[in-house]
Protein chains: 2
Amino acid sequence: MAPRTKYDIITEIAKRRGFYWPSFEIYGGMSGFITYGDLGTKLKHNIESLWKEHFIREQGFLELEAPVINPERVFEASGHLENFKEYSSECNQCGESFRADTLIEEKTRLENVESMGGEAIQKLLIEHKIRCPTCGGELMEPTMILTMFKTEIGATGGDVGYARPETAQSMFLNYKRGYLHAREKIPFALAQSSKVMRNEISPRRGMLRLREFTIMELELFFDPEEPECPWFDSVSNEDILLITEEMELEETLEPIRINIGEAVKDELILTEWQGYFMGLSKKFVTALGVDAANHRFRAHLPDERAHYSKQTFDHEVKLETWGWTEVSGCAYRTDFDLKNHMKSSGEDMTVLREDGSRYVPHVVEPSFGLDRLVYIVLESNYERNKKRNVFHFSRDLAPYQVSIYPLVTKDGLPEKAEKIYQDIINAGFWALYDDSGSVGRRYARGDEIGVPLAVVVDYDTVKEGILTIRDRDSLAQVSLQAEYLPRVLDEYYNHVKNFIDLGELLES
Amino acid sequence: MAPRTKYDIITEIAKRRGFYWPSFEIYGGMSGFITYGDLGTKLKHNIESLWKEHFIREQGFLELEAPVINPERVFEASGHLENFKEYSSECNQCGESFRADTLIEEKTRLENVESMGGEAIQKLLIEHKIRCPTCGGELMEPTMILTMFKTEIGATGGDVGYARPETAQSMFLNYKRGYLHAREKIPFALAQSSKVMRNEISPRRGMLRLREFTIMELELFFDPEEPECPWFDSVSNEDILLITEEMELEETLEPIRINIGEAVKDELILTEWQGYFMGLSKKFVTALGVDAANHRFRAHLPDERAHYSKQTFDHEVKLETWGWTEVSGCAYRTDFDLKNHMKSSGEDMTVLREDGSRYVPHVVEPSFGLDRLVYIVLESNYERNKKRNVFHFSRDLAPYQVSIYPLVTKDGLPEKAEKIYQDIINAGFWALYDDSGSVGRRYARGDEIGVPLAVVVDYDTVKEGILTIRDRDSLAQVSLQAEYLPRVLDEYYNHVKNFIDLGELLES
């Protein structure tokens with residue numbers, strides 16, 4: 001049996017404890033769909049909240065939430081109907097379809113095979129004797145198929161609609177309203193965390209390639225003649241590992257280390273806004289628990305870039321099982337999208353400069369896949385420690401904040417513990433009550449879902465009102481008068497955040 | 001011109017200020033789809049958070065998030081493929097389709113026409129000379145059509161999928177995992193706030209009937225032989241207005257006033273769990289700002305109930321424009337769904353009692369439409385006051401918590417105000433900065449989006465560090481040393497909540 005990878009371990013815990021699991025299990029499953037349980041729903045929500053902190057609240061950017069289903073003309077204008085396609089190859093025996101380029105990449109270590117075109121792909125399939133991974137049958141000539149989910153809107157079937165494969169178009173469709181709500185000031189941004197769907201041909205790799213997932217996306221609108229970002233100083237000294245387009249063309253895949261300020265000055269990164277969001281992206285993903293050393297930014301080659309992009313950097317983090325993995329893309333979309341919608345809809349999307357000239361704003365877009373971040377947070381915060389599984393989630397991310405354990409289930413301890421549990425609930429915390437098995441086993445259960453603090457109610461609590469708090473990470477145990485617990489939790493979670501630990505907090 | 005209704009007024013503000021507006025405006029629109037702007041996205045999020053407080057956190061229920069797209073066999077098992085249909089009548093001139101029963105109800109004041117069946121509906125269309133509302137053409141014989149969005153999953157088109165019209169099936173599909181994660185204890189609940197889609201034939205009434213919307217739904221699983229709800233005491237003394245099935249049959253539409261405990265004892269409400277969730281629903285919606293007098297619970301008649309329900313109460317609130325309007329349904333689904341999925345999937349969904357007997361859990365389901373709650377919150381908190389529009393959102397709901405206004409834009413006031421704004425942002429609040437126009441106009445702008453507190457930075461702030469805070473509701477103004485502002489806001493928003501006002505807080 002092959003040794004279990006980190007991915008296998010995380011997947012097992014995720015399923016057993018209730019972070020997530022494959023959807024439709026009782027009906028045999030359907031690849032590309034995931035269901036979040038209690039812990040996963042909460043973790044996902046907390047990651048999203050942290051993204052809103054970093055990318056919306058601090059800058060005062062505007063939020064948006066728009067429908068998943070869009071009428072066909074939206075995707076005619078955006079270019080998706082023409083371009084959002086992949087090479088599908090059907091097996092002539094079992095009838096299953098596969099992404100032809102992915103099969104070639106897996107067998108040959110060639111990269112970016114999609115951009116070679118259908119004929120080259122067909123040749124490669126034959127040259128490398130690639131057959132159906134399911135039944136070994138012969139693969140037919142690949143055809144380009146649209147990978148958006150199609151439906152009909154309304155009873156008479158007159159209106160074709162598609163589920164959006166990204167949220168960006170929603171921001172462009174509503175750009176004019178956003179501009180008004182931003183009180184006609186440029187730059188401004190519209191940001192959205194919402195569902196998207198992609199009808200992937202044969203999705204694999206679980207959480208990393210889903211057919212239905214959540215994107216956290218932001219469109220920053222700016223005047224190309226005034227491309228300065230007011231927050232650029234906050235990231236310009238940040239060092240990043242960078243692989244430029246030029247380096248990729250020369251197949252130099254050892255990244256350079258450069259600070260963002262220089263990279264923009266040297267025109268390796270085309271705009272300050274991209275530099276700003278790349279720096280912010282690194283800060284955000286580091287705050288999620290990814291080691292600062294495990295980030296890099298890789299430029300897309302022209303033939304790898306989406307149809308709308310002038311320059312795109314993928315923010316990649318190093319995973320144990322999957323290697324360098326994209327967590328976000330930062331694309332310079334120029335005025336491509338607004339101009340297309342302006343043309344298709346007839347709406348004027350220009351902005352007036354003080355000098356009387358008019359322009360269509362340019363767009364920079366940082367975009368995160370929230371579901372794969374859930375996996376990355378799990379992997380990055382996981383530790384196997386003295387036979388225990390521990391998730392070292394930050395206080396912002398932990399699905400539950402505190403657990404309450406009566407030492408024994410007699411002598412009035414459960415009643416006391418339940419009272420304390422209720423006080424904590426009333427004070428607004430996410431708390432767990434657990435009275436089953438030894439305290440050691442309960443600690444282990446709490447560690448395995450990353451609860452930062454455990455409160456033990458023992459005989460001292462009943463007699464003198466003193467309880468014990470145990471820290472998940474340091475394993476330190478401190479004593480406290482029960483009546484102060486809500487106040488201490490408030491300080492710990494809402495004020496000092498991740499800066500000082502519980503011992504320091506109680507000393508101060 | 002017809003006088004503007006409250007609905008018209010709210011709709012106008014919603015659009016102008018950025019709560020929400022009809023989707024796809026630049027392409028001529030598409031009925032049944034709404035887009036939330038910055039304020040609406042935040043308001044919606046805050047309503048959802050308050051729901052989680054009331055329905056999940058306080059009881060320790062489990063959250064879930066599952067896909068919108070489901071394979072066909074899910075809806076075969078659930079009965080939706082057979083039952084989730086409506087009577088559609090197409091115009092033989094313009095080709096547009098309409099819900100035949102709705103057209104009849106609008107013209108005749110008949111109720112629950114759908115349950116009369118196709119022949120009766122056809123007769124009524126003729127009898128009342130109902131023609132196409134768009135072109136006046138003749139309406140053809142109504143046919144029952146499935147109102148779920150259909151699509152194909154994967155490249156070869158082998159798998160038919162549908163967007164779920166409710167989230168409940170996701171909970172039933174994942175009931176077995178939920179039961180394990182609840183550590184095999186019954187009762188437990190799975191709750192989900194997530195997107196659903198219904199391919200409505202001709203949706204009207206804006207936010208009240210959408211094709212894509214968010215449902216906040218909870219499935220409570222219990223043993224029918226132990227139907228007690230442990231939190232029933234917390235609602236049993238709550239008085240409600242109730243219209244029972246019997247009263248409806250007798251066309252007695254004047255509700256009785258009864259407390260929930262009695263209504264359950266008298267078997268007007270079939271289970272304690274329904275009673276509990278109805279009481280909780282009233283508390284929750286009252287906390288959103290709906291006057292305690294404007295709630296009632298109306299039983300569905302047998303032929304109005306969904307195919308899975310043994311008893312359903314709609315929680316209705318009285319709106320100025322639309323009258324009594326459903327905000328939630330509380331359905332007793334029995335073991336209908338789990339039994340169906342057990343039969344279709346072959347999975348054992350029974351639970352073992354201590355006495356060795358086995359049973360399929362019964363289900364009670366409280367279910368809210370989040371989008372219509374957004375409208376209801378707006379209408380319920382709206383006041384036209386001395387020519388100003390004010391939304392009296394509670395502190396939990398307000399999209400922005402505080403706004404900062406420099407009195408004038410000179411003499412160092414903007415610099416001071418920006419510094420204070422930044423301190424507030426750093427302290428974690430949602431804040432607005434506004435330096436445009438008179439302070440009076442800025443107050444009015446803030447009131448119109450329901451910002452509870454406004455901070456004015458004037459010459460005293462620059463000289464002595466004293467700023468003024470103005471309360472949106474009482475219009476009281478209090479002075480404060482600028483350095484204490486983050487701490488006061490913390491108390492106001494995170495601790496005392498809606499109990500005491502700013503003046504009292506500062507005195508204490």
# chains A, B, ... in the order shown; residues from 1 in each chain; ligands from 1
$ closest_atom_pairs --of "chain B" --to "chain A" --cutoff "7 Å" --atoms "only C-alpha atoms" --output "JSON lines"
{"residue": "B:Arg17", "atom": "CA", "partner": "A:His181", "partner_atom": "CA", "distance": 6.2}
{"residue": "B:Gly18", "atom": "CA", "partner": "A:His181", "partner_atom": "CA", "distance": 6.2}
{"residue": "B:Phe24", "atom": "CA", "partner": "A:Leu173", "partner_atom": "CA", "distance": 6.7}
{"residue": "B:Ile26", "atom": "CA", "partner": "A:Ser345", "partner_atom": "CA", "distance": 5.9}
{"residue": "B:Tyr27", "atom": "CA", "partner": "A:Ser345", "partner_atom": "CA", "distance": 5.8}
{"residue": "B:Phe33", "atom": "CA", "partner": "A:Pro67", "partner_atom": "CA", "distance": 6.6}
{"residue": "B:Ile34", "atom": "CA", "partner": "A:Ala66", "partner_atom": "CA", "distance": 6.8}
{"residue": "B:Thr35", "atom": "CA", "partner": "A:Ala66", "partner_atom": "CA", "distance": 4.5}
{"residue": "B:Tyr36", "atom": "CA", "partner": "A:Glu65", "partner_atom": "CA", "distance": 4.9}
{"residue": "B:Gly37", "atom": "CA", "partner": "A:Leu64", "partner_atom": "CA", "distance": 4.7}
{"residue": "B:Asp38", "atom": "CA", "partner": "A:Glu63", "partner_atom": "CA", "distance": 4.2}
{"residue": "B:Thr41", "atom": "CA", "partner": "A:Leu64", "partner_atom": "CA", "distance": 6.0}
{"residue": "B:Arg57", "atom": "CA", "partner": "A:Trp430", "partner_atom": "CA", "distance": 6.4}
{"residue": "B:Glu58", "atom": "CA", "partner": "A:Ile425", "partner_atom": "CA", "distance": 6.2}
{"residue": "B:Leu62", "atom": "CA", "partner": "A:Asp38", "partner_atom": "CA", "distance": 5.0}
{"residue": "B:Glu63", "atom": "CA", "partner": "A:Asp38", "partner_atom": "CA", "distance": 4.2}
{"residue": "B:Leu64", "atom": "CA", "partner": "A:Gly37", "partner_atom": "CA", "distance": 4.7}
{"residue": "B:Glu65", "atom": "CA", "partner": "A:Tyr36", "partner_atom": "CA", "distance": 4.9}
{"residue": "B:Ala66", "atom": "CA", "partner": "A:Thr35", "partner_atom": "CA", "distance": 4.5}
{"residue": "B:Pro67", "atom": "CA", "partner": "A:Phe33", "partner_atom": "CA", "distance": 6.6}
{"residue": "B:Ser97", "atom": "CA", "partner": "A:Ala155", "partner_atom": "CA", "distance": 6.2}
{"residue": "B:Phe149", "atom": "CA", "partner": "A:Thr151", "partner_atom": "CA", "distance": 6.3}
{"residue": "B:Lys150", "atom": "CA", "partner": "A:Thr151", "partner_atom": "CA", "distance": 5.7}
{"residue": "B:Thr151", "atom": "CA", "partner": "A:Thr151", "partner_atom": "CA", "distance": 5.2}
{"residue": "B:Glu152", "atom": "CA", "partner": "A:Phe149", "partner_atom": "CA", "distance": 6.9}
{"residue": "B:Ile153", "atom": "CA", "partner": "A:Asn199", "partner_atom": "CA", "distance": 6.4}
{"residue": "B:Gly154", "atom": "CA", "partner": "A:Ile201", "partner_atom": "CA", "distance": 5.3}
{"residue": "B:Ala155", "atom": "CA", "partner": "A:Ile201", "partner_atom": "CA", "distance": 5.2}
{"residue": "B:Thr156", "atom": "CA", "partner": "A:Ser97", "partner_atom": "CA", "distance": 6.5}
{"residue": "B:Leu173", "atom": "CA", "partner": "A:Phe24", "partner_atom": "CA", "distance": 6.7}
{"residue": "B:His181", "atom": "CA", "partner": "A:Gly18", "partner_atom": "CA", "distance": 6.2}
{"residue": "B:Asn199", "atom": "CA", "partner": "A:Gly154", "partner_atom": "CA", "distance": 5.9}
{"residue": "B:Glu200", "atom": "CA", "partner": "A:Gly154", "partner_atom": "CA", "distance": 6.4}
{"residue": "B:Ile201", "atom": "CA", "partner": "A:Ala155", "partner_atom": "CA", "distance": 5.2}
{"residue": "B:Glu212", "atom": "CA", "partner": "A:Pro67", "partner_atom": "CA", "distance": 6.8}
{"residue": "B:Ser345", "atom": "CA", "partner": "A:Tyr27", "partner_atom": "CA", "distance": 5.8}
{"residue": "B:Glu347", "atom": "CA", "partner": "A:Ile26", "partner_atom": "CA", "distance": 6.7}
{"residue": "B:Ile425", "atom": "CA", "partner": "A:Glu58", "partner_atom": "CA", "distance": 6.2}
{"residue": "B:Trp430", "atom": "CA", "partner": "A:Arg57", "partner_atom": "CA", "distance": 6.4}
$ write_last_selection --atoms "N, CA and C atoms" --output "mmCIF file, in the first residue's frame"
data_model
loop_
_atom_site.group_PDB
_atom_site.id
_atom_site.type_symbol
_atom_site.label_atom_id
_atom_site.label_comp_id
_atom_site.auth_asym_id
_atom_site.auth_seq_id
_atom_site.Cartn_x
_atom_site.Cartn_y
_atom_site.Cartn_z
ATOM 1 N N ARG B 17 -28.877 54.261 -3.254
ATOM 2 C CA ARG B 17 -27.785 54.211 -2.281
ATOM 3 C C ARG B 17 -26.963 52.927 -2.353
ATOM 4 N N GLY B 18 -27.501 51.921 -3.015
ATOM 5 C CA GLY B 18 -26.688 50.716 -3.183
ATOM 6 C C GLY B 18 -27.020 49.582 -2.239
ATOM 7 N N PHE B 24 -28.671 42.714 -14.311
ATOM 8 C CA PHE B 24 -28.489 42.776 -15.773
ATOM 9 C C PHE B 24 -29.146 44.009 -16.386
ATOM 10 N N ILE B 26 -27.875 46.681 -17.647
ATOM 11 C CA ILE B 26 -27.318 47.226 -18.902
ATOM 12 C C ILE B 26 -27.725 46.378 -20.103
ATOM 13 N N TYR B 27 -28.224 45.175 -19.858
ATOM 14 C CA TYR B 27 -28.723 44.337 -20.958
ATOM 15 C C TYR B 27 -30.245 44.214 -20.923
ATOM 16 N N PHE B 33 -34.147 38.266 -10.786
ATOM 17 C CA PHE B 33 -32.749 38.299 -10.344
ATOM 18 C C PHE B 33 -32.436 39.663 -9.741
ATOM 19 N N ILE B 34 -31.730 39.641 -8.614
ATOM 20 C CA ILE B 34 -31.408 40.874 -7.914
ATOM 21 C C ILE B 34 -29.899 40.933 -7.669
ATOM 22 N N THR B 35 -29.351 42.138 -7.674
ATOM 23 C CA THR B 35 -27.937 42.324 -7.336
ATOM 24 C C THR B 35 -27.836 43.203 -6.098
ATOM 25 N N TYR B 36 -27.046 42.752 -5.136
ATOM 26 C CA TYR B 36 -26.822 43.538 -3.930
ATOM 27 C C TYR B 36 -25.597 44.412 -4.095
ATOM 28 N N GLY B 37 -25.736 45.671 -3.723
ATOM 29 C CA GLY B 37 -24.585 46.561 -3.660
ATOM 30 C C GLY B 37 -23.914 46.442 -2.300
ATOM 31 N N ASP B 38 -23.039 47.385 -2.049
ATOM 32 C CA ASP B 38 -22.242 47.352 -0.825
ATOM 33 C C ASP B 38 -23.117 47.272 0.428
ATOM 34 N N THR B 41 -25.211 43.939 0.580
ATOM 35 C CA THR B 41 -24.385 42.770 0.886
ATOM 36 C C THR B 41 -24.085 42.723 2.377
ATOM 37 N N ARG B 57 -25.793 28.998 17.024
ATOM 38 C CA ARG B 57 -24.766 29.111 18.070
ATOM 39 C C ARG B 57 -25.329 28.815 19.450
ATOM 40 N N GLU B 58 -26.507 29.359 19.740
ATOM 41 C CA GLU B 58 -27.037 29.224 21.096
ATOM 42 C C GLU B 58 -27.409 27.786 21.456
ATOM 43 N N LEU B 62 -25.450 22.093 14.221
ATOM 44 C CA LEU B 62 -24.355 21.926 13.260
ATOM 45 C C LEU B 62 -24.654 22.637 11.943
ATOM 46 N N GLU B 63 -23.643 23.288 11.410
ATOM 47 C CA GLU B 63 -23.812 23.942 10.119
ATOM 48 C C GLU B 63 -23.449 22.999 8.975
ATOM 49 N N LEU B 64 -23.894 23.363 7.787
ATOM 50 C CA LEU B 64 -23.625 22.565 6.597
ATOM 51 C C LEU B 64 -23.605 23.513 5.403
ATOM 52 N N GLU B 65 -22.811 23.168 4.406
ATOM 53 C CA GLU B 65 -22.911 23.892 3.132
ATOM 54 C C GLU B 65 -22.697 22.905 2.014
ATOM 55 N N ALA B 66 -23.693 22.764 1.176
ATOM 56 C CA ALA B 66 -23.670 21.735 0.137
ATOM 57 C C ALA B 66 -23.961 22.361 -1.222
ATOM 58 N N PRO B 67 -23.651 21.639 -2.301
ATOM 59 C CA PRO B 67 -23.772 22.221 -3.642
ATOM 60 C C PRO B 67 -25.195 22.597 -4.053
ATOM 61 N N SER B 97 -45.078 33.413 -21.078
ATOM 62 C CA SER B 97 -45.777 32.485 -20.193
ATOM 63 C C SER B 97 -46.066 33.127 -18.847
ATOM 64 N N PHE B 149 -34.263 24.664 -12.417
ATOM 65 C CA PHE B 149 -33.313 24.881 -13.509
ATOM 66 C C PHE B 149 -32.594 23.567 -13.805
ATOM 67 N N LYS B 150 -32.577 23.205 -15.083
ATOM 68 C CA LYS B 150 -31.986 21.941 -15.505
ATOM 69 C C LYS B 150 -30.657 22.204 -16.200
ATOM 70 N N THR B 151 -29.713 21.312 -16.019
ATOM 71 C CA THR B 151 -28.447 21.442 -16.744
ATOM 72 C C THR B 151 -27.848 20.063 -16.963
ATOM 73 N N GLU B 152 -26.680 20.030 -17.610
ATOM 74 C CA GLU B 152 -25.975 18.761 -17.784
ATOM 75 C C GLU B 152 -24.620 18.856 -17.115
ATOM 76 N N ILE B 153 -24.261 17.787 -16.422
ATOM 77 C CA ILE B 153 -22.988 17.767 -15.701
ATOM 78 C C ILE B 153 -21.990 16.944 -16.498
ATOM 79 N N GLY B 154 -20.838 17.534 -16.790
ATOM 80 C CA GLY B 154 -19.778 16.819 -17.495
ATOM 81 C C GLY B 154 -19.861 17.016 -18.992
ATOM 82 N N ALA B 155 -18.849 16.516 -19.680
ATOM 83 C CA ALA B 155 -18.677 16.825 -21.093
ATOM 84 C C ALA B 155 -19.629 16.041 -21.984
ATOM 85 N N THR B 156 -19.851 14.781 -21.656
ATOM 86 C CA THR B 156 -20.590 13.933 -22.585
ATOM 87 C C THR B 156 -22.095 14.100 -22.448
ATOM 88 N N LEU B 173 -29.455 14.302 2.530
ATOM 89 C CA LEU B 173 -28.392 13.516 1.897
ATOM 90 C C LEU B 173 -27.220 13.309 2.845
ATOM 91 N N HIS B 181 -21.156 13.214 13.276
ATOM 92 C CA HIS B 181 -20.479 14.405 13.802
ATOM 93 C C HIS B 181 -21.170 14.933 15.048
ATOM 94 N N ASN B 199 -36.933 28.162 -11.101
ATOM 95 C CA ASN B 199 -37.190 28.725 -12.424
ATOM 96 C C ASN B 199 -38.642 29.201 -12.505
ATOM 97 N N GLU B 200 -38.943 30.246 -11.760
ATOM 98 C CA GLU B 200 -40.293 30.786 -11.708
ATOM 99 C C GLU B 200 -40.779 31.148 -13.111
ATOM 100 N N ILE B 201 -42.060 30.957 -13.357
ATOM 101 C CA ILE B 201 -42.606 31.187 -14.690
ATOM 102 C C ILE B 201 -42.627 32.677 -15.040
ATOM 103 N N GLU B 212 -33.348 33.315 -8.080
ATOM 104 C CA GLU B 212 -32.133 32.876 -7.391
ATOM 105 C C GLU B 212 -32.108 33.592 -6.062
ATOM 106 N N SER B 345 -31.591 5.096 -2.009
ATOM 107 C CA SER B 345 -30.139 4.914 -1.985
ATOM 108 C C SER B 345 -29.737 3.566 -1.408
ATOM 109 N N GLU B 347 -29.252 3.124 1.661
ATOM 110 C CA GLU B 347 -28.525 3.390 2.912
ATOM 111 C C GLU B 347 -29.463 3.269 4.103
ATOM 112 N N ILE B 425 -10.704 52.233 12.012
ATOM 113 C CA ILE B 425 -10.492 51.097 11.100
ATOM 114 C C ILE B 425 -9.549 50.084 11.757
ATOM 115 N N TRP B 430 -16.443 48.968 10.974
ATOM 116 C CA TRP B 430 -16.819 49.362 9.616
ATOM 117 C C TRP B 430 -17.144 50.849 9.659
#
$ residues_around --residues "Cys229 of chain B" --least-positions-apart "6" --cutoff "12 Å" --atoms "only C-alpha atoms" --output "PyMOL selection string"
chain B and resi 59+186-188+220-223+235-236+261+264+271-277+364
$ atom_distance --atom1 "atom CA of Phe232 of chain B" --atom2 "atom CA of Ala299 of chain B"
20.2 Å
$ atom_distance --atom1 "atom CA of Ile126 of chain A" --atom2 "atom CA of Glu111 of chain A"
17.4 Å
$ select_by_dssp --residues "segment 242-416 of chain B" --states "alpha helix (DSSP H)" --output "PyMOL selection string"
chain B and resi 245-249+260-265+272-287+336-345+370-381+413-416
$ select_by_dssp --residues "segment 290-469 of chain B" --states "strand (DSSP E or B)" --output "PyMOL selection string"
chain B and resi 295-299+311-319+323-334+351-352+358-359+362-369+382-385+388-391+402-406+431-433+453-457+466-469
$ residues_around --residues "Cys132 of chain B" --least-positions-apart "4" --cutoff "6 Å" --atoms "only C-alpha atoms" --output "PyMOL selection string"
chain B and resi 91+136-137
$ write_last_selection --atoms "all heavy atoms" --output "PDB file, in the first residue's frame"
ATOM      1  N   CYS B  91     -49.161  32.744 -23.815  1.00  0.00           N
ATOM      2  CA  CYS B  91     -49.963  33.618 -24.674  1.00  0.00           C
ATOM      3  C   CYS B  91     -49.788  33.199 -26.123  1.00  0.00           C
ATOM      4  O   CYS B  91     -48.665  33.032 -26.591  1.00  0.00           O
ATOM      5  CB  CYS B  91     -49.510  35.074 -24.492  1.00  0.00           C
ATOM      6  SG  CYS B  91     -50.240  36.194 -25.704  1.00  0.00           S
ATOM      7  N   GLY B 136     -52.377  41.329 -24.157  1.00  0.00           N
ATOM      8  CA  GLY B 136     -53.816  41.173 -24.273  1.00  0.00           C
ATOM      9  C   GLY B 136     -54.247  39.974 -25.100  1.00  0.00           C
ATOM     10  O   GLY B 136     -55.428  39.768 -25.344  1.00  0.00           O
ATOM     11  N   GLY B 137     -53.265  39.173 -25.526  1.00  0.00           N
ATOM     12  CA  GLY B 137     -53.568  38.001 -26.344  1.00  0.00           C
ATOM     13  C   GLY B 137     -54.284  36.915 -25.549  1.00  0.00           C
ATOM     14  O   GLY B 137     -54.464  37.019 -24.339  1.00  0.00           O
TER      15      GLY B 137
END
$ residues_around --residues "Leu413 of chain B" --least-positions-apart "3" --cutoff "9 Å" --atoms "only C-alpha atoms" --output "NGL selection string"
:B and (406-410 or 416-418 or 457-459 or 461-462)
